[in-house]
$ cat query09.cif   # mmCIF, C-alpha atoms
data_model
loop_
_atom_site.group_PDB
_atom_site.id
_atom_site.type_symbol
_atom_site.label_atom_id
_atom_site.label_comp_id
_atom_site.auth_asym_id
_atom_site.auth_seq_id
_atom_site.Cartn_x
_atom_site.Cartn_y
_atom_site.Cartn_z
ATOM 1 C CA MET A 1 2.887 14.293 -15.780
ATOM 2 C CA THR A 2 4.991 17.463 -15.407
ATOM 3 C CA PHE A 3 6.054 16.329 -11.938
ATOM 4 C CA VAL A 4 7.057 12.879 -13.223
ATOM 5 C CA ARG A 5 9.055 14.362 -16.143
ATOM 6 C CA THR A 6 10.818 16.719 -13.752
ATOM 7 C CA SER A 7 11.669 13.783 -11.480
ATOM 8 C CA VAL A 8 13.077 11.816 -14.412
ATOM 9 C CA PHE A 9 15.269 14.725 -15.507
ATOM 10 C CA LEU A 10 16.410 15.191 -11.915
ATOM 11 C CA LEU A 11 17.365 11.550 -11.598
ATOM 12 C CA LEU A 12 19.225 11.514 -14.927
ATOM 13 C CA ALA A 13 21.159 14.635 -14.000
ATOM 14 C CA LEU A 14 22.014 13.108 -10.658
ATOM 15 C CA LEU A 15 23.239 9.887 -12.230
ATOM 16 C CA LEU A 16 25.308 11.685 -14.879
ATOM 17 C CA ALA A 17 27.001 13.563 -12.074
ATOM 18 C CA ALA A 18 28.088 10.319 -10.392
ATOM 19 C CA PRO A 19 31.833 10.719 -11.131
ATOM 20 C CA ALA A 20 31.847 14.014 -9.272
ATOM 21 C CA MET A 21 30.532 12.167 -6.230
ATOM 22 C CA ALA A 22 33.205 9.459 -6.370
ATOM 23 C CA GLY A 23 34.717 10.478 -3.066
ATOM 24 C CA HIS A 24 31.440 9.790 -1.283
ATOM 25 C CA HIS A 25 31.267 6.313 -2.828
ATOM 26 C CA ASP A 26 34.773 5.480 -1.689
ATOM 27 C CA GLU A 27 34.421 6.534 1.924
ATOM 28 C CA GLY A 28 33.122 4.199 4.595
ATOM 29 C CA PRO A 29 30.314 1.626 4.464
ATOM 30 C CA VAL A 30 27.397 1.880 2.058
ATOM 31 C CA ARG A 31 24.553 3.822 3.672
ATOM 32 C CA GLN A 32 21.123 2.188 3.833
ATOM 33 C CA ALA A 33 17.628 3.694 3.554
ATOM 34 C CA ILE A 34 14.049 2.441 3.247
ATOM 35 C CA VAL A 35 11.206 3.699 1.056
ATOM 36 C CA LEU A 36 7.598 2.773 1.825
ATOM 37 C CA ALA A 37 5.628 2.960 -1.426
ATOM 38 C CA ALA A 38 1.871 3.258 -0.950
ATOM 39 C CA PHE A 39 -0.916 4.166 -3.348
ATOM 40 C CA GLY A 40 -1.627 6.994 -0.919
ATOM 41 C CA THR A 41 -4.674 8.851 0.368
ATOM 42 C CA SER A 42 -5.946 12.420 0.346
ATOM 43 C CA TYR A 43 -7.933 11.922 3.569
ATOM 44 C CA PRO A 44 -6.100 13.385 6.602
ATOM 45 C CA GLU A 45 -7.672 10.887 9.006
ATOM 46 C CA ALA A 46 -6.710 7.960 6.770
ATOM 47 C CA VAL A 47 -3.054 9.014 6.829
ATOM 48 C CA LYS A 48 -2.804 7.409 10.277
ATOM 49 C CA SER A 49 -2.887 3.951 8.687
ATOM 50 C CA ILE A 50 0.233 4.662 6.639
ATOM 51 C CA LEU A 51 2.007 6.345 9.538
ATOM 52 C CA ASN A 52 1.255 3.325 11.745
ATOM 53 C CA ILE A 53 3.065 1.066 9.289
ATOM 54 C CA LYS A 54 5.953 3.524 9.047
ATOM 55 C CA ALA A 55 6.323 3.581 12.835
ATOM 56 C CA LYS A 56 6.597 -0.199 12.921
ATOM 57 C CA VAL A 57 9.209 -0.220 10.161
ATOM 58 C CA GLU A 58 11.228 2.444 11.976
ATOM 59 C CA LYS A 59 11.115 0.421 15.180
ATOM 60 C CA ALA A 60 12.379 -2.659 13.325
ATOM 61 C CA HIS A 61 15.204 -0.674 11.680
ATOM 62 C CA PRO A 62 16.500 1.873 14.203
ATOM 63 C CA GLY A 63 18.873 4.423 12.756
ATOM 64 C CA VAL A 64 17.819 3.763 9.157
ATOM 65 C CA PRO A 65 15.937 6.632 7.469
ATOM 66 C CA VAL A 66 12.448 5.632 6.321
ATOM 67 C CA ARG A 67 10.803 7.751 3.619
ATOM 68 C CA LEU A 68 7.204 7.640 2.377
ATOM 69 C CA ALA A 69 6.244 7.737 -1.303
ATOM 70 C CA PHE A 70 2.828 7.739 -2.992
ATOM 71 C CA THR A 71 2.385 6.060 -6.360
ATOM 72 C CA SER A 72 -0.866 7.890 -7.209
ATOM 73 C CA ASN A 73 -0.297 11.013 -9.328
ATOM 74 C CA ILE A 74 -3.751 12.356 -8.462
ATOM 75 C CA ILE A 75 -3.257 12.027 -4.713
ATOM 76 C CA ARG A 76 0.187 13.625 -4.770
ATOM 77 C CA LYS A 77 -1.240 16.575 -6.726
ATOM 78 C CA ILE A 78 -3.870 17.109 -4.021
ATOM 79 C CA TRP A 79 -1.168 17.278 -1.338
ATOM 80 C CA GLN A 80 0.915 19.627 -3.491
ATOM 81 C CA GLU A 81 -2.032 22.016 -3.783
ATOM 82 C CA ARG A 82 -2.483 21.975 -0.015
ATOM 83 C CA GLN A 83 1.120 23.089 0.531
ATOM 84 C CA GLY A 84 0.196 26.673 -0.337
ATOM 85 C CA ASP A 85 -3.188 26.688 1.421
ATOM 86 C CA ALA A 86 -2.486 28.377 4.736
ATOM 87 C CA ALA A 87 -6.047 27.933 6.019
ATOM 88 C CA TRP A 88 -6.038 24.202 5.280
ATOM 89 C CA ARG A 89 -2.642 23.712 6.896
ATOM 90 C CA LYS A 90 -3.772 25.569 10.023
ATOM 91 C CA ALA A 91 -6.893 23.407 10.259
ATOM 92 C CA ASN A 92 -4.816 20.243 9.759
ATOM 93 C CA ALA A 93 -1.729 21.098 11.764
ATOM 94 C CA ASP A 94 -1.246 17.463 12.788
ATOM 95 C CA ILE A 95 -0.408 16.405 9.212
ATOM 96 C CA PRO A 96 3.373 15.903 9.073
ATOM 97 C CA ASP A 97 5.460 17.507 6.339
ATOM 98 C CA GLU A 98 6.438 14.082 5.005
ATOM 99 C CA ILE A 99 2.812 13.676 3.904
ATOM 100 C CA LEU A 100 2.301 17.250 2.752
ATOM 101 C CA TYR A 101 5.447 17.083 0.598
ATOM 102 C CA VAL A 102 5.212 13.415 -0.375
ATOM 103 C CA LYS A 103 6.781 12.446 -3.708
ATOM 104 C CA HIS A 104 6.654 9.693 -6.306
ATOM 105 C CA PRO A 105 8.883 6.646 -5.546
ATOM 106 C CA LEU A 106 11.168 7.703 -8.410
ATOM 107 C CA ALA A 107 11.805 11.137 -6.905
ATOM 108 C CA THR A 108 12.114 9.700 -3.394
ATOM 109 C CA ILE A 109 14.747 7.184 -4.462
ATOM 110 C CA ALA A 110 16.591 9.892 -6.413
ATOM 111 C CA ASP A 111 16.653 12.151 -3.341
ATOM 112 C CA LEU A 112 18.112 9.348 -1.242
ATOM 113 C CA GLN A 113 20.793 8.569 -3.817
ATOM 114 C CA ASN A 114 21.643 12.242 -4.012
ATOM 115 C CA ASP A 115 22.042 12.270 -0.211
ATOM 116 C CA GLY A 116 24.514 9.391 -0.395
ATOM 117 C CA TYR A 117 22.282 6.377 0.245
ATOM 118 C CA ARG A 118 23.212 3.606 -2.189
ATOM 119 C CA ASP A 119 21.577 0.631 -0.426
ATOM 120 C CA VAL A 120 17.840 1.260 -0.763
ATOM 121 C CA ALA A 121 14.995 -1.105 0.094
ATOM 122 C CA VAL A 122 11.564 -0.252 -1.319
ATOM 123 C CA GLN A 123 8.697 -1.875 0.557
ATOM 124 C CA SER A 124 5.374 -2.022 -1.249
ATOM 125 C CA LEU A 125 2.388 -1.105 0.922
ATOM 126 C CA HIS A 126 -0.049 -2.492 -1.645
ATOM 127 C CA VAL A 127 -2.476 -5.287 -0.822
ATOM 128 C CA PHE A 128 -1.625 -7.596 -3.715
ATOM 129 C CA ALA A 129 0.621 -7.817 -6.752
ATOM 130 C CA GLY A 130 -1.534 -5.840 -9.164
ATOM 131 C CA GLU A 131 -1.054 -2.895 -11.477
ATOM 132 C CA GLU A 132 0.533 -0.507 -8.965
ATOM 133 C CA TYR A 133 2.994 -3.133 -7.738
ATOM 134 C CA HIS A 134 3.854 -4.140 -11.301
ATOM 135 C CA ASP A 135 4.729 -0.544 -12.137
ATOM 136 C CA LEU A 136 6.798 -0.233 -8.951
ATOM 137 C CA LEU A 137 8.809 -3.325 -9.903
ATOM 138 C CA THR A 138 9.349 -1.943 -13.396
ATOM 139 C CA LEU A 139 10.564 1.376 -12.002
ATOM 140 C CA VAL A 140 12.998 -0.190 -9.547
ATOM 141 C CA GLY A 141 14.170 -2.730 -12.120
ATOM 142 C CA GLY A 142 15.077 0.087 -14.489
ATOM 143 C CA LEU A 143 17.077 1.918 -11.822
ATOM 144 C CA ARG A 144 18.803 -1.300 -10.761
ATOM 145 C CA SER A 145 19.925 -1.950 -14.318
ATOM 146 C CA ILE A 146 21.994 1.253 -14.492
ATOM 147 C CA ARG A 147 25.711 0.487 -14.763
ATOM 148 C CA SER A 148 28.570 2.964 -14.964
ATOM 149 C CA LEU A 149 31.855 2.355 -16.771
ATOM 150 C CA LYS A 150 33.598 2.195 -13.410
ATOM 151 C CA ALA A 151 31.729 0.021 -10.918
ATOM 152 C CA LYS A 152 32.393 2.395 -8.024
ATOM 153 C CA TYR A 153 30.286 5.058 -9.761
ATOM 154 C CA THR A 154 27.217 2.840 -10.151
ATOM 155 C CA PRO A 155 24.359 4.740 -8.453
ATOM 156 C CA PHE A 156 23.130 1.874 -6.288
ATOM 157 C CA ALA A 157 25.023 -0.853 -4.494
ATOM 158 C CA ARG A 158 21.699 -2.587 -3.847
ATOM 159 C CA LEU A 159 18.075 -1.809 -4.665
ATOM 160 C CA VAL A 160 15.449 -4.318 -3.510
ATOM 161 C CA VAL A 161 11.652 -4.508 -3.335
ATOM 162 C CA GLY A 162 9.518 -6.121 -0.624
ATOM 163 C CA ARG A 163 6.382 -7.914 -1.783
ATOM 164 C CA PRO A 164 2.771 -6.845 -1.023
ATOM 165 C CA ALA A 165 0.729 -8.208 1.867
ATOM 166 C CA LEU A 166 -0.849 -11.049 -0.134
ATOM 167 C CA GLY A 167 2.438 -11.957 -1.774
ATOM 168 C CA GLN A 168 3.480 -12.219 -5.387
ATOM 169 C CA PRO A 169 4.040 -14.944 -7.998
ATOM 170 C CA GLY A 170 7.223 -16.948 -7.542
ATOM 171 C CA GLU A 171 8.689 -19.835 -5.579
ATOM 172 C CA ALA A 172 10.901 -17.954 -3.114
ATOM 173 C CA TYR A 173 7.918 -16.978 -0.933
ATOM 174 C CA PRO A 174 4.769 -18.867 -2.002
ATOM 175 C CA TYR A 175 1.856 -16.427 -2.076
ATOM 176 C CA VAL A 176 -0.479 -19.057 -0.589
ATOM 177 C CA GLN A 177 1.549 -18.935 2.605
ATOM 178 C CA ASP A 178 1.383 -15.140 2.611
ATOM 179 C CA MET A 179 -2.409 -15.310 2.307
ATOM 180 C CA GLU A 180 -2.611 -17.758 5.213
ATOM 181 C CA LYS A 181 -0.577 -15.403 7.403
ATOM 182 C CA ALA A 182 -2.703 -12.440 6.331
ATOM 183 C CA ALA A 183 -5.890 -14.318 7.168
ATOM 184 C CA LYS A 184 -4.738 -14.977 10.720
ATOM 185 C CA VAL A 185 -4.199 -11.288 11.503
ATOM 186 C CA LEU A 186 -7.834 -10.478 10.676
ATOM 187 C CA LYS A 187 -9.136 -12.550 13.583
ATOM 188 C CA GLY A 188 -10.405 -9.412 15.327
ATOM 189 C CA ASP A 189 -12.686 -8.581 12.382
ATOM 190 C CA VAL A 190 -14.172 -12.067 12.426
ATOM 191 C CA GLU A 191 -14.754 -11.943 16.175
ATOM 192 C CA HIS A 192 -16.527 -8.610 15.759
ATOM 193 C CA ALA A 193 -18.776 -10.088 13.068
ATOM 194 C CA ARG A 194 -19.544 -13.163 15.201
ATOM 195 C CA LYS A 195 -20.490 -10.960 18.133
ATOM 196 C CA GLU A 196 -22.948 -9.088 15.909
ATOM 197 C CA ASP A 197 -24.154 -12.298 14.225
ATOM 198 C CA ALA A 198 -23.301 -10.539 10.961
ATOM 199 C CA ALA A 199 -21.683 -11.639 7.740
ATOM 200 C CA LEU A 200 -18.264 -10.043 7.285
ATOM 201 C CA VAL A 201 -18.041 -8.145 3.990
ATOM 202 C CA TYR A 202 -14.860 -6.455 2.762
ATOM 203 C CA MET A 203 -14.611 -3.895 -0.021
ATOM 204 C CA GLY A 204 -11.325 -4.215 -1.908
ATOM 205 C CA HIS A 205 -10.032 -1.784 -4.501
ATOM 206 C CA GLY A 206 -9.097 -4.130 -7.353
ATOM 207 C CA ASN A 207 -8.379 -2.792 -10.845
ATOM 208 C CA ASP A 208 -9.609 -3.135 -14.408
ATOM 209 C CA PHE A 209 -6.277 -4.006 -16.010
ATOM 210 C CA PHE A 210 -4.943 -6.867 -13.890
ATOM 211 C CA SER A 211 -6.477 -10.138 -12.791
ATOM 212 C CA THR A 212 -8.069 -9.664 -9.380
ATOM 213 C CA GLY A 213 -8.883 -13.298 -8.705
ATOM 214 C CA ILE A 214 -6.595 -13.075 -5.694
ATOM 215 C CA TYR A 215 -9.508 -11.495 -3.795
ATOM 216 C CA ALA A 216 -11.728 -14.525 -4.415
ATOM 217 C CA GLU A 217 -8.856 -16.803 -3.445
ATOM 218 C CA PHE A 218 -8.228 -14.877 -0.247
ATOM 219 C CA GLN A 219 -11.950 -15.044 0.542
ATOM 220 C CA LYS A 220 -11.653 -18.833 0.336
ATOM 221 C CA THR A 221 -8.604 -18.714 2.636
ATOM 222 C CA LEU A 222 -10.484 -16.625 5.198
ATOM 223 C CA ARG A 223 -13.509 -18.891 5.189
ATOM 224 C CA ALA A 224 -11.308 -21.970 5.587
ATOM 225 C CA GLU A 225 -9.491 -20.333 8.510
ATOM 226 C CA TYR A 226 -12.608 -19.234 10.398
ATOM 227 C CA ALA A 227 -15.496 -21.352 9.067
ATOM 228 C CA TYR A 228 -17.589 -18.196 8.896
ATOM 229 C CA PRO A 229 -19.460 -16.312 6.117
ATOM 230 C CA ILE A 230 -16.835 -13.847 4.877
ATOM 231 C CA PHE A 231 -17.089 -12.124 1.505
ATOM 232 C CA ILE A 232 -14.866 -9.831 -0.549
ATOM 233 C CA GLY A 233 -15.953 -7.617 -3.427
ATOM 234 C CA CYS A 234 -14.034 -5.024 -5.433
ATOM 235 C CA VAL A 235 -14.637 -1.480 -6.614
ATOM 236 C CA GLU A 236 -12.906 -2.469 -9.859
ATOM 237 C CA GLY A 237 -12.536 -5.946 -11.336
ATOM 238 C CA TYR A 238 -13.594 -9.339 -9.976
ATOM 239 C CA PRO A 239 -15.416 -10.151 -7.753
ATOM 240 C CA ALA A 240 -17.674 -7.148 -8.236
ATOM 241 C CA PHE A 241 -20.450 -6.078 -5.860
ATOM 242 C CA ASP A 242 -23.024 -8.262 -7.640
ATOM 243 C CA ASP A 243 -20.751 -11.324 -7.396
ATOM 244 C CA MET A 244 -20.311 -10.735 -3.680
ATOM 245 C CA ALA A 245 -24.020 -9.979 -3.120
ATOM 246 C CA ALA A 246 -25.102 -13.278 -4.693
ATOM 247 C CA LEU A 247 -22.920 -15.272 -2.298
ATOM 248 C CA LEU A 248 -24.020 -13.113 0.638
ATOM 249 C CA ALA A 249 -27.689 -13.801 -0.133
ATOM 250 C CA ALA A 250 -27.023 -17.536 -0.085
ATOM 251 C CA SER A 251 -25.477 -17.286 3.403
ATOM 252 C CA GLY A 252 -28.821 -16.504 5.016
ATOM 253 C CA LYS A 253 -27.366 -13.666 7.136
ATOM 254 C CA LYS A 254 -29.525 -10.554 7.524
ATOM 255 C CA LYS A 255 -26.881 -8.363 9.109
ATOM 256 C CA VAL A 256 -23.568 -7.256 7.579
ATOM 257 C CA LEU A 257 -20.347 -5.906 9.068
ATOM 258 C CA LEU A 258 -18.941 -3.816 6.211
ATOM 259 C CA LYS A 259 -15.229 -2.935 6.192
ATOM 260 C CA PRO A 260 -12.638 -1.650 3.705
ATOM 261 C CA PHE A 261 -10.099 -4.209 2.525
ATOM 262 C CA MET A 262 -7.656 -1.399 1.789
ATOM 263 C CA ILE A 263 -4.640 0.012 3.606
ATOM 264 C CA VAL A 264 -6.469 3.274 4.250
ATOM 265 C CA ALA A 265 -10.118 4.161 4.764
ATOM 266 C CA GLY A 266 -10.079 6.987 2.232
ATOM 267 C CA ASP A 267 -12.363 8.096 -0.573
ATOM 268 C CA HIS A 268 -13.552 4.647 -1.661
ATOM 269 C CA ALA A 269 -14.302 3.568 1.892
ATOM 270 C CA SER A 270 -15.995 6.810 2.905
ATOM 271 C CA ASN A 271 -18.062 7.263 -0.258
ATOM 272 C CA ASP A 272 -18.281 4.116 -2.428
ATOM 273 C CA MET A 273 -18.632 1.866 0.613
ATOM 274 C CA ALA A 274 -20.186 3.897 3.433
ATOM 275 C CA GLY A 275 -21.671 6.917 1.632
ATOM 276 C CA ASP A 276 -25.324 7.895 1.349
ATOM 277 C CA GLU A 277 -25.511 7.908 -2.450
ATOM 278 C CA ASP A 278 -27.735 5.319 -4.129
ATOM 279 C CA ASP A 279 -24.761 3.390 -5.535
ATOM 280 C CA SER A 280 -22.828 3.057 -2.274
ATOM 281 C CA TRP A 281 -22.466 -0.474 -0.935
ATOM 282 C CA LYS A 282 -24.137 0.475 2.338
ATOM 283 C CA VAL A 283 -27.235 1.856 0.605
ATOM 284 C CA MET A 284 -27.485 -1.039 -1.862
ATOM 285 C CA LEU A 285 -27.200 -3.589 0.934
ATOM 286 C CA GLU A 286 -29.818 -1.776 3.012
ATOM 287 C CA LYS A 287 -32.181 -1.713 0.038
ATOM 288 C CA ALA A 288 -31.638 -5.458 -0.283
ATOM 289 C CA GLY A 289 -32.910 -5.867 3.288
ATOM 290 C CA TYR A 290 -29.681 -6.081 5.275
ATOM 291 C CA SER A 291 -28.873 -4.291 8.488
ATOM 292 C CA VAL A 292 -25.428 -2.763 7.918
ATOM 293 C CA ILE A 293 -22.727 -1.997 10.474
ATOM 294 C CA ILE A 294 -19.892 0.195 9.168
ATOM 295 C CA ASP A 295 -16.303 -0.090 10.418
ATOM 296 C CA LEU A 296 -14.174 2.612 8.757
ATOM 297 C CA ARG A 297 -10.737 1.329 9.690
ATOM 298 C CA GLY A 298 -8.038 0.757 7.099
ATOM 299 C CA LEU A 299 -5.872 -2.354 7.185
ATOM 300 C CA GLY A 300 -2.871 -0.212 8.091
ATOM 301 C CA MET A 301 -4.423 0.379 11.517
ATOM 302 C CA VAL A 302 -4.407 -3.361 12.203
ATOM 303 C CA ASP A 303 -1.040 -3.961 13.869
ATOM 304 C CA GLY A 304 -0.814 -7.526 12.623
ATOM 305 C CA TRP A 305 -1.373 -6.381 9.042
ATOM 306 C CA ALA A 306 1.271 -3.658 9.414
ATOM 307 C CA ASP A 307 3.658 -6.330 10.672
ATOM 308 C CA LEU A 308 3.214 -8.235 7.397
ATOM 309 C CA TYR A 309 5.055 -5.423 5.619
ATOM 310 C CA VAL A 310 7.786 -5.409 8.260
ATOM 311 C CA ASP A 311 8.280 -9.148 7.668
ATOM 312 C CA HIS A 312 8.273 -8.823 3.877
ATOM 313 C CA LEU A 313 10.826 -6.037 4.064
ATOM 314 C CA ALA A 314 13.065 -8.263 6.183
ATOM 315 C CA ASP A 315 12.733 -11.037 3.572
ATOM 316 C CA ALA A 316 13.730 -8.648 0.763
ATOM 317 C CA LEU A 317 16.769 -7.446 2.671
ATOM 318 C CA ALA A 318 17.814 -10.995 3.544
ATOM 319 C CA GLN A 319 17.355 -12.311 0.032
ATOM 320 C CA GLY A 320 19.004 -9.327 -1.591
ATOM 321 C CA ALA A 321 16.891 -9.659 -4.731
ATOM 322 C CA GLY A 322 14.181 -7.253 -5.790
ATOM 323 C CA LYS A 323 11.979 -9.839 -7.425
#
$ encode --input "query09.cif" --output "structure tokens"
Amino acid sequence: MTFVRTSVFLLLALLLAAPAMAGHHDEGPVRQAIVLAAFGTSYPEAVKSILNIKAKVEKAHPGVPVRLAFTSNIIRKIWQERQGDAAWRKANADIPDEILYVKHPLATIADLQNDGYRDVAVQSLHVFAGEEYHDLLTLVGGLRSIRSLKAKYTPFARLVVGRPALGQPGEAYPYVQDMEKAAKVLKGDVEHARKEDAALVYMGHGNDFFSTGIYAEFQKTLRAEYAYPIFIGCVEGYPAFDDMAALLAASGKKKVLLKPFMIVAGDHASNDMAGDEDDSWKVMLEKAGYSVIIDLRGLGMVDGWADLYVDHLADALAQGAGK
């Protein structure tokens, strides 16, 4: 909370100082930047999923600075503590500074504005339009609403948000079409399951405060696309493990390919899904008589899934509306 309060004060001070920066606003074209807002991960290996998406965005927008931001306060705190741990940094020398010093989207946007970037596109790296995405929209909406007495001193010329992988409510880009596109890029997972003669089971994150029926709907989309037993359960919300397990039992399959339906294969994937504790999905499925194959690869490592965010960012920039 201290970090967030500090960021808010920083942003307010920056905005109040806008008149002093008038010369920058009057000179040349408006400078553009991109922020990739992910929930984040504390697992060094899982960082590769986020960096893979970032690389694709950078390739699609050469010359435009692309910054990472993590929405999770807990995860950012872990990285902040590692900044002063010389032994950890030596053992994880391949972790880039942009991860080690990652900030909240609010602070990241404020830094960009302070550096003279007034056209900022924020691309959500969330799976669906749930709690984290809602809060991101609220944050950006608040910043977008700021107006100065003189228009030339308004902090942002444009501030837009790109929708999550499975879309969002609204008619501009029907979420059903986004789900159909997302289903097609998971063809490799289905082929792997077919080869093993295994049911394909995904663990999604979900949440307890937002409807997570989108997971059940996407499960239906996947099964319609591939005519194969594919199931999705959530750590939090619906469908829970028991909901998924009941449908899995009815499929008749005795083998399961278990994968995270998350951008990164972090704590939930490594422990809640693939861990050795009695309440991990792997252990519970094995106790139920299934042979379990684990694939610890986050969605961000699937190039087609990463491209979904590139496409949604392009839509946001073309539409010019952060809704």
$ residues_around --input "query09.cif" --residues "range 53-56 of chain A" --least-positions-apart "2" --cutoff "12 Å" --atoms "all atoms listed in the file" --output "PyMOL selection string"
chain A and resi 34-38+47-51+58-62+64-69+98-99+123-126+263-264+298-311+313
$ resolve_selection --input "query09.cif" --expression "the PyMOL selection byres ((chain A and resi 151-166) around 6)" --output "PDB file with C-alpha atoms, keeping the file's coordinate frame"
ATOM      1  CA  ALA A  18      28.088  10.319 -10.392  1.00  0.00           C
ATOM      2  CA  ARG A 118      23.212   3.606  -2.189  1.00  0.00           C
ATOM      3  CA  ASP A 119      21.577   0.631  -0.426  1.00  0.00           C
ATOM      4  CA  VAL A 120      17.840   1.260  -0.763  1.00  0.00           C
ATOM      5  CA  ALA A 121      14.995  -1.105   0.094  1.00  0.00           C
ATOM      6  CA  VAL A 122      11.564  -0.252  -1.319  1.00  0.00           C
ATOM      7  CA  GLN A 123       8.697  -1.875   0.557  1.00  0.00           C
ATOM      8  CA  SER A 124       5.374  -2.022  -1.249  1.00  0.00           C
ATOM      9  CA  HIS A 126      -0.049  -2.492  -1.645  1.00  0.00           C
ATOM     10  CA  VAL A 127      -2.476  -5.287  -0.822  1.00  0.00           C
ATOM     11  CA  PHE A 128      -1.625  -7.596  -3.715  1.00  0.00           C
ATOM     12  CA  ARG A 147      25.711   0.487 -14.763  1.00  0.00           C
ATOM     13  CA  SER A 148      28.570   2.964 -14.964  1.00  0.00           C
ATOM     14  CA  LYS A 150      33.598   2.195 -13.410  1.00  0.00           C
ATOM     15  CA  GLY A 167       2.438 -11.957  -1.774  1.00  0.00           C
ATOM     16  CA  ASP A 178       1.383 -15.140   2.611  1.00  0.00           C
ATOM     17  CA  MET A 179      -2.409 -15.310   2.307  1.00  0.00           C
ATOM     18  CA  HIS A 312       8.273  -8.823   3.877  1.00  0.00           C
ATOM     19  CA  LEU A 313      10.826  -6.037   4.064  1.00  0.00           C
ATOM     20  CA  ALA A 316      13.730  -8.648   0.763  1.00  0.00           C
ATOM     21  CA  ALA A 321      16.891  -9.659  -4.731  1.00  0.00           C
ATOM     22  CA  GLY A 322      14.181  -7.253  -5.790  1.00  0.00           C
TER      23      GLY A 322
END
$ axis_aligned_box --input "query09.cif" --around "range 126-136 of chain A" --padding-each-side "8 Å" --output "lines of an AutoDock Vina configuration file"
center_x = 2.2
center_y = -4.0
center_z = -6.5
size_x = 25.3
size_y = 23.6
size_z = 27.3
$ residues_near_point --input "query09.cif" --point "(9.3, 8.5, -6.2)" --cutoff "9 Å" --atoms "all atoms listed in the file" --output "ChimeraX atom specification"
/A:4,7,35,37,68-71,102-111
$ atom_distance --input "query09.cif" --atom1 "CA of Gly233 in chain A" --atom2 "CA of Glu171 in chain A"
27.6 Å
$ residues_around --input "query09.cif" --residues "Lys184 in chain A" --least-positions-apart "3" --cutoff "12 Å" --atoms "all atoms listed in the file" --output "ChimeraX atom specification"
/A:177-181,187-191,218,221-226,302,304-305,308
$ residues_around --input "query09.cif" --residues "Gln219 in chain A" --least-positions-apart "6" --cutoff "12 Å" --atoms "only C-alpha atoms" --output "list in words"
Leu166, Met179, Glu180, Ala182, Ala183, Leu186, Leu200, Val201, Tyr202, Met203, Gly204, Thr212, Gly213, Glu225, Tyr226, Ala227, Tyr228, Pro229, Ile230, Phe231, Ile232, Gly233, Cys234, Pro239, Met244, Leu247 and Phe261 of chain A
$ write_last_selection --input "query09.cif" --atoms "C-alpha atoms" --output "PDB file, keeping the file's coordinate frame"
ATOM      1  CA  LEU A 166      -0.849 -11.049  -0.134  1.00  0.00           C
ATOM      2  CA  MET A 179      -2.409 -15.310   2.307  1.00  0.00           C
ATOM      3  CA  GLU A 180      -2.611 -17.758   5.213  1.00  0.00           C
ATOM      4  CA  ALA A 182      -2.703 -12.440   6.331  1.00  0.00           C
ATOM      5  CA  ALA A 183      -5.890 -14.318   7.168  1.00  0.00           C
ATOM      6  CA  LEU A 186      -7.834 -10.478  10.676  1.00  0.00           C
ATOM      7  CA  LEU A 200     -18.264 -10.043   7.285  1.00  0.00           C
ATOM      8  CA  VAL A 201     -18.041  -8.145   3.990  1.00  0.00           C
ATOM      9  CA  TYR A 202     -14.860  -6.455   2.762  1.00  0.00           C
ATOM     10  CA  MET A 203     -14.611  -3.895  -0.021  1.00  0.00           C
ATOM     11  CA  GLY A 204     -11.325  -4.215  -1.908  1.00  0.00           C
ATOM     12  CA  THR A 212      -8.069  -9.664  -9.380  1.00  0.00           C
ATOM     13  CA  GLY A 213      -8.883 -13.298  -8.705  1.00  0.00           C
ATOM     14  CA  GLU A 225      -9.491 -20.333   8.510  1.00  0.00           C
ATOM     15  CA  TYR A 226     -12.608 -19.234  10.398  1.00  0.00           C
ATOM     16  CA  ALA A 227     -15.496 -21.352   9.067  1.00  0.00           C
ATOM     17  CA  TYR A 228     -17.589 -18.196   8.896  1.00  0.00           C
ATOM     18  CA  PRO A 229     -19.460 -16.312   6.117  1.00  0.00           C
ATOM     19  CA  ILE A 230     -16.835 -13.847   4.877  1.00  0.00           C
ATOM     20  CA  PHE A 231     -17.089 -12.124   1.505  1.00  0.00           C
ATOM     21  CA  ILE A 232     -14.866  -9.831  -0.549  1.00  0.00           C
ATOM     22  CA  GLY A 233     -15.953  -7.617  -3.427  1.00  0.00           C
ATOM     23  CA  CYS A 234     -14.034  -5.024  -5.433  1.00  0.00           C
ATOM     24  CA  PRO A 239     -15.416 -10.151  -7.753  1.00  0.00           C
ATOM     25  CA  MET A 244     -20.311 -10.735  -3.680  1.00  0.00           C
ATOM     26  CA  LEU A 247     -22.920 -15.272  -2.298  1.00  0.00           C
ATOM     27  CA  PHE A 261     -10.099  -4.209   2.525  1.00  0.00           C
TER      28      PHE A 261
END
$ resolve_selection --input "query09.cif" --expression "the PyMOL selection byres ((chain A and resi 295) around 10)" --output "ChimeraX atom specification"
/A:189,257-260,265,269,274,292-294,296-298
$ resolve_selection --input "query09.cif" --expression "the PyMOL selection byres ((chain A and resi 208) around 9)" --output "JSON, numbers by chain"
{"A": [206, 207, 209, 210, 211, 212, 236, 237, 238]}
